[in-house]
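Data block below; observations after.
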Amino acid sequence: AKMIPQSIGQNMTLKEALSIVSELQEKYNSDKRIKTLIDVALKLEGLSRHSSTHAAGIVISDRPLDEYIPLAVGSEGEVTTGFDMESLEKIGLLKMDFLGLKTLTLINETIKIVKRTKNVDIDINNIPLDDKETFSLLSSGNTIGVFQLESRGMRDILVRLKPTEFQDLIAVLALYRPGPISSGMVDDFIERKHNRKPIVYLHPKLEPILKETYGIILYQEQTMQIASSLAGFDMVKADLLRKAIGKKIPEIMEEQRNLFVEGCKKNNIPENIANKIFDLIDYFSGYGFNKSHSTAYALISYQTAYLKAHFPVEFMAALLTSERNNTDKIREYVNEAIKMGIKILPPDINSSFTNFTVTEDNNIRFGLLAIKNVGEAALENIISARKERKFKDFFDFSERVDPRVVNKKVIESLIKAGAMDSFGLKRAQLFLLLDKVLDKDYKKDSSQLFLFNEKKVDIPNVDEWPITQILNFEKELLGMYISSHPIHSYSKILRYIKYTPINSLNEEIREEEILICGVLEELRIITTRKNKDRMAIIKIEDDTGEIEGFIFPKVFAENLNILREKNSFLFKAKLEFKEKAYKVLVNKVIPLDELDKHIKEINIYLNNTKNLKLQTLKEVFLENRGNTKVSFIFKNSKMQGLKINTANNFFLNPKEDVLDKIESIIGENSVFLVV
């Protein structure tokens, strides 16, 4: 199965794979069992493999359905049709898709939060569809969290297209599909919009139909309009043409062409022009999209973009709440909020509510329900007890909550997640006090004294947990690191490394060797089928996202002793698109604790040599001699790319303070380390 190539936006068939993958063809020809397997698979490919229920399809009839069709019981006890959707259409039943979009809940929640925090009423169905701030946000590609527009590919198209009106947004949703992308139609559309490519109409009657899409037949409705306006088809015939073109059956196509050309001739359109227009319809038909569908989605996209543009904090709070059970999405949206200048405050027993909330200073507070092991019953009890007054301290908290629902496991989780930091004690101290405050006899003897006479209880004098332990507990209970991120401990040296954040990995860098810095979150050791060698499947996480990777036997054997989960590493790797996702193939592993031992070269980039303080630079070099070679690389136009190596007696010790001094002389972002 792994020999069958996967590519973005394209389904590979077994027949195609056999014709292009020589290794697969060889296996097919040389191994009888594999030949039998593939022969059977070729017959099965494309058949229905099981019955399933449509996510949103509802069948509507004028009489009880069992008078027309067989019915069946679905996997969850729902009534389903015994016919598939195409057959239902053929016998005249109406099928409607009622999509249950959680985005509608997101919009509703944002509106509620805006009302609560700003006392502003938003009528989302009457917002202006020409709002400048909204189109500015769309054009910038800052659309993470915006319905249908958050993928990297979609954001790239938005930046290139720079939509200026609602019609552009409808078009973007219709264009962002494998066909239009691979055919160059997207590029064509963008070039025409920005007047970099001429818009030509084969006949004047095409202009009013195709003007909004810059002369491109993008929507199925446009095909029908052309057939109606130019060839005199009624809407039933125009719809038949639309369906026929989609199916591409030669005999039907020829018949439709003749009807179209004859109709055009009756409207005084020359036969040669009519044939060219039909060829145009035929060409674009494979990419035609339903405009009514695209418009409905575009409206929801626009509404979410409008809320993000005008009420960013409230929108992000609602967005985080909507994805509170999806760790990957939470991390992505937290990073997005930080980029937007919004602080994500940790959970707090006296300030947090169930969901993510907007604070008075316009930041976002983590919701307590996002903490693992803290259920709704425990939260109801905590928030109810807090209504009267905030919890004064750890002992006050333990007195006022119900220990039957707010039990030891719940409190442990609250401590580890940092929700009790506001009590002024270290997490390690709170943890040691836990058994004492939960002890009924202790409570009975000391609570009155403590609460009313301010008698201080013996607080254990212990050091705080190490930062790695604190972060690991946060990761375990919140699904992400909150106080910091493990790689931030190395941020000083990492600013001199040209590594790629995980959320920036894309198609353009697939051929390059890349550097990734991150925590080894998962390490799964497996044995290869061929030689029974050991290799590893890993999960790497940085502060922007995570990615799966493979360490093949040779590299795995070389690094077996250093590969430990929860440790931070620099990985040299190649990016691959495999099994419909990006993965990395690791060829070198460097522990960040030992990064200084692996630095091969210091590169200093020179932009302007006129005011270069050579004497000052020389002094830094002489004071910090070492074993790492140094190269000067010119960036100005005259000597672009020219590289000059220093003599051996000017080799350096690549310490952070040395690199800082050099950068203070040359300028920011002028020093990089090669590993």
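By order of appearance in the structure tokens: chains A, B, ..., then residues from 1 within every chain, and ligands from 1 in the order shown.
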>> Let's see if you can do this: from backbone DSSP, list all strand (DSSP E or B) residues in region 405-616 of chain A, as number ranges by chain.
In response: A: 497, 513-527, 534-541, 546-551, 568-578, 581-591, 601-606
> How would you write, as a PyMOL selection string, the set of residues in region 232-338 of chain A that DSSP gives as alpha helix (DSSP H)?
Replying inline: chain A and resi 235-247+250-266+271-285+291-310+312-322+327-338
> What does the distance between CA of Gly418 (chain A) and CA of Pro346 (chain A) come to in Å, to one decimal place?
Replying inline: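 Here the two named atoms are 7.0 Å from each other.
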> Looking at A:Leu575, A:Val114, A:Val674, A:Leu563, which one is nearest to Leu505 (chain A), with distances taken over only C-alpha atoms?
Replying inline: A:Leu575
Identify, on the basis of only C-alpha atoms, every residue whose closest approach to Lys118 (chain A) does not exceed 12 Å; exclude the query and any residue fewer than 5 positions from it along the same chain; express the result as a compact mmCIF listing (two decimals) with N, CA, C and O atoms, in the first residue's frame.
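Done, and the output landed in part-v4.txt:
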# COMPACT_ATOMS: atom_id res chain seq x y z
N THR A 110 -19.97 33.96 19.91
CA THR A 110 -19.22 35.22 19.81
C THR A 110 -20.15 36.40 20.06
O THR A 110 -19.80 37.34 20.79
N ILE A 111 -21.33 36.35 19.45
CA ILE A 111 -22.32 37.43 19.62
C ILE A 111 -22.70 37.58 21.09
O ILE A 111 -22.79 38.70 21.61
N LYS A 112 -22.88 36.45 21.79
CA LYS A 112 -23.24 36.48 23.22
C LYS A 112 -22.11 37.10 24.05
O LYS A 112 -22.35 37.89 24.96
N ILE A 113 -20.86 36.71 23.71
CA ILE A 113 -19.71 37.25 24.47
C ILE A 113 -19.57 38.75 24.25
O ILE A 113 -19.31 39.52 25.19
N HIS A 310 -13.53 42.61 13.76
CA HIS A 310 -14.07 43.66 14.63
C HIS A 310 -14.08 43.30 16.12
O HIS A 310 -14.01 44.19 16.97
N PHE A 311 -14.19 42.01 16.43
CA PHE A 311 -14.24 41.57 17.84
C PHE A 311 -13.28 40.40 18.02
O PHE A 311 -13.69 39.27 18.33
N VAL A 313 -10.95 39.42 20.21
CA VAL A 313 -10.80 38.70 21.48
C VAL A 313 -12.01 37.81 21.74
O VAL A 313 -11.88 36.63 22.09
N GLU A 314 -13.21 38.38 21.53
CA GLU A 314 -14.44 37.61 21.75
C GLU A 314 -14.53 36.43 20.78
O GLU A 314 -14.92 35.32 21.16
N VAL A 358 -13.38 36.16 28.22
CA VAL A 358 -12.67 37.42 27.96
C VAL A 358 -12.50 38.16 29.27
O VAL A 358 -13.46 38.33 30.04
N THR A 359 -11.28 38.59 29.55
CA THR A 359 -11.00 39.29 30.81
C THR A 359 -11.25 40.79 30.64
O THR A 359 -11.42 41.29 29.54
N GLU A 360 -11.24 41.50 31.77
CA GLU A 360 -11.50 42.95 31.74
C GLU A 360 -10.45 43.71 30.93
O GLU A 360 -10.73 44.75 30.34
N ASN A 362 -9.13 42.70 28.23
CA ASN A 362 -9.24 42.26 26.83
C ASN A 362 -8.26 41.16 26.46
O ASN A 362 -7.70 41.16 25.36
Please list as a PDB file with C-alpha atoms, in the first residue's frame every residue within 12 Å of Ser19 (chain A), counting only C-alpha atoms and excluding residues in the same chain fewer than 6 positions away.
ATOM      1  CA  ILE A   4       1.027   3.686  -4.064  1.00  0.00           C
ATOM      2  CA  PRO A   5       1.918   7.396  -4.263  1.00  0.00           C
ATOM      3  CA  MET A  12      -4.426   7.769  -7.234  1.00  0.00           C
ATOM      4  CA  THR A  13      -5.996   4.626  -8.716  1.00  0.00           C
ATOM      5  CA  GLN A  25       4.943  -3.294 -11.363  1.00  0.00           C
ATOM      6  CA  GLU A  26       7.953  -5.496 -10.604  1.00  0.00           C
ATOM      7  CA  TYR A  28       3.124  -7.581  -9.583  1.00  0.00           C
TER       8      TYR A  28
END
>> Need to verify the contact set: Lys629 (chain A), 7 Å, only C-alpha atoms, exclusion of same-chain residues closer than 5 positions in sequence. Can you return it as a list in words?
In response: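 Near Lys629 (chain A), the qualifying residues are Glu601, Ile602, Phe651 and Leu652 of chain A.
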Please save all heavy atoms of the selected residues as an mmCIF file, in the first residue's frame.
data_model
loop_
_atom_site.group_PDB
_atom_site.id
_atom_site.type_symbol
_atom_site.label_atom_id
_atom_site.label_comp_id
_atom_site.auth_asym_id
_atom_site.auth_seq_id
_atom_site.Cartn_x
_atom_site.Cartn_y
_atom_site.Cartn_z
ATOM 1 N N GLU A 601 29.975 25.794 11.767
ATOM 2 C CA GLU A 601 30.428 27.059 11.162
ATOM 3 C C GLU A 601 29.559 28.212 11.658
ATOM 4 O O GLU A 601 28.375 28.023 11.951
ATOM 5 C CB GLU A 601 30.316 26.933 9.634
ATOM 6 C CG GLU A 601 30.937 28.069 8.851
ATOM 7 C CD GLU A 601 30.843 27.822 7.345
ATOM 8 O OE1 GLU A 601 30.819 26.636 6.918
ATOM 9 O OE2 GLU A 601 30.784 28.824 6.607
ATOM 10 N N ILE A 602 30.171 29.388 11.750
ATOM 11 C CA ILE A 602 29.422 30.615 12.057
ATOM 12 C C ILE A 602 29.389 31.458 10.784
ATOM 13 O O ILE A 602 30.445 31.803 10.231
ATOM 14 C CB ILE A 602 30.085 31.419 13.199
ATOM 15 C CG1 ILE A 602 30.174 30.572 14.471
ATOM 16 C CG2 ILE A 602 29.305 32.715 13.465
ATOM 17 C CD1 ILE A 602 31.050 31.160 15.556
ATOM 18 N N PHE A 651 39.231 31.713 14.342
ATOM 19 C CA PHE A 651 38.116 30.813 14.658
ATOM 20 C C PHE A 651 37.541 31.231 16.009
ATOM 21 O O PHE A 651 38.255 31.787 16.853
ATOM 22 C CB PHE A 651 38.584 29.354 14.727
ATOM 23 C CG PHE A 651 38.745 28.710 13.368
ATOM 24 C CD1 PHE A 651 38.759 29.462 12.203
ATOM 25 C CD2 PHE A 651 38.885 27.330 13.252
ATOM 26 C CE1 PHE A 651 38.905 28.871 10.955
ATOM 27 C CE2 PHE A 651 39.027 26.722 12.016
ATOM 28 C CZ PHE A 651 39.043 27.490 10.860
ATOM 29 N N LEU A 652 36.241 30.955 16.213
ATOM 30 C CA LEU A 652 35.559 31.472 17.406
ATOM 31 C C LEU A 652 34.973 30.390 18.298
ATOM 32 O O LEU A 652 34.728 29.260 17.867
ATOM 33 C CB LEU A 652 34.411 32.392 16.988
ATOM 34 C CG LEU A 652 34.740 33.826 16.575
ATOM 35 C CD1 LEU A 652 33.482 34.524 16.107
ATOM 36 C CD2 LEU A 652 35.364 34.599 17.730
#
>> So that I can see what lies close to Asp463 (chain A), please list as a PyMOL selection string the residues with an atom at most 10 Å from it, counting only C-alpha atoms and leaving out residues fewer than 2 positions away in the same chain.
In response: chain A and resi 426-429+460-461+465-466
> Residues at most 10 Å from Val671 (chain A), counting only C-alpha atoms, excluding those fewer than 5 positions away in the same chain, as an MDAnalysis selection string?
Replying inline: chainID A and resid 495:497 602:606 632 659:660 662:663 666
Can I get the selection written as a PDB file, in the first residue's frame, with C-alpha atoms?
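The result, written out as again34.pdb:
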ATOM      1  CA  ARG A 495      17.670  32.575  17.421  1.00  0.00           C
ATOM      2  CA  TYR A 496      20.958  31.995  15.568  1.00  0.00           C
ATOM      3  CA  ILE A 497      19.747  28.758  13.912  1.00  0.00           C
ATOM      4  CA  ILE A 602      29.422  30.615  12.057  1.00  0.00           C
ATOM      5  CA  ASN A 603      28.049  32.595   9.095  1.00  0.00           C
ATOM      6  CA  ILE A 604      28.107  36.394   9.300  1.00  0.00           C
ATOM      7  CA  TYR A 605      26.040  38.178   6.647  1.00  0.00           C
ATOM      8  CA  LEU A 606      27.212  41.617   5.535  1.00  0.00           C
ATOM      9  CA  PHE A 632      31.570  36.301   5.964  1.00  0.00           C
ATOM     10  CA  LEU A 659      27.236  35.947  18.946  1.00  0.00           C
ATOM     11  CA  ASP A 660      25.326  38.780  20.644  1.00  0.00           C
ATOM     12  CA  ILE A 662      28.980  40.319  16.815  1.00  0.00           C
ATOM     13  CA  GLU A 663      25.324  41.035  16.022  1.00  0.00           C
ATOM     14  CA  ILE A 666      26.993  44.062  12.314  1.00  0.00           C
TER      15      ILE A 666
END
> From the set A:Ser87, A:Thr354, A:Thr143, A:Ser491, which residue has the shortest atom-to-atom contact distance to Glu656 (chain A), counting only C-alpha atoms?
Replying inline: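 Of the candidates, the smallest distance to Glu656 (chain A) is held by A:Ser491.
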Counting only C-alpha atoms, what are the residues of region 15-117 of chain A within 8 Å of region 286-309 of chain A, and for each of them which pair of atoms is the nearest and at what distance in Å, to one decimal? Sort the table by chain and rising number, as JSON lines.
{"residue": "A:Thr103", "atom": "CA", "partner": "A:Ile300", "partner_atom": "CA", "distance": 7.9}
{"residue": "A:Leu104", "atom": "CA", "partner": "A:Ile300", "partner_atom": "CA", "distance": 7.9}
{"residue": "A:Ile107", "atom": "CA", "partner": "A:Thr304", "partner_atom": "CA", "distance": 6.6}
{"residue": "A:Thr110", "atom": "CA", "partner": "A:Leu307", "partner_atom": "CA", "distance": 7.6}
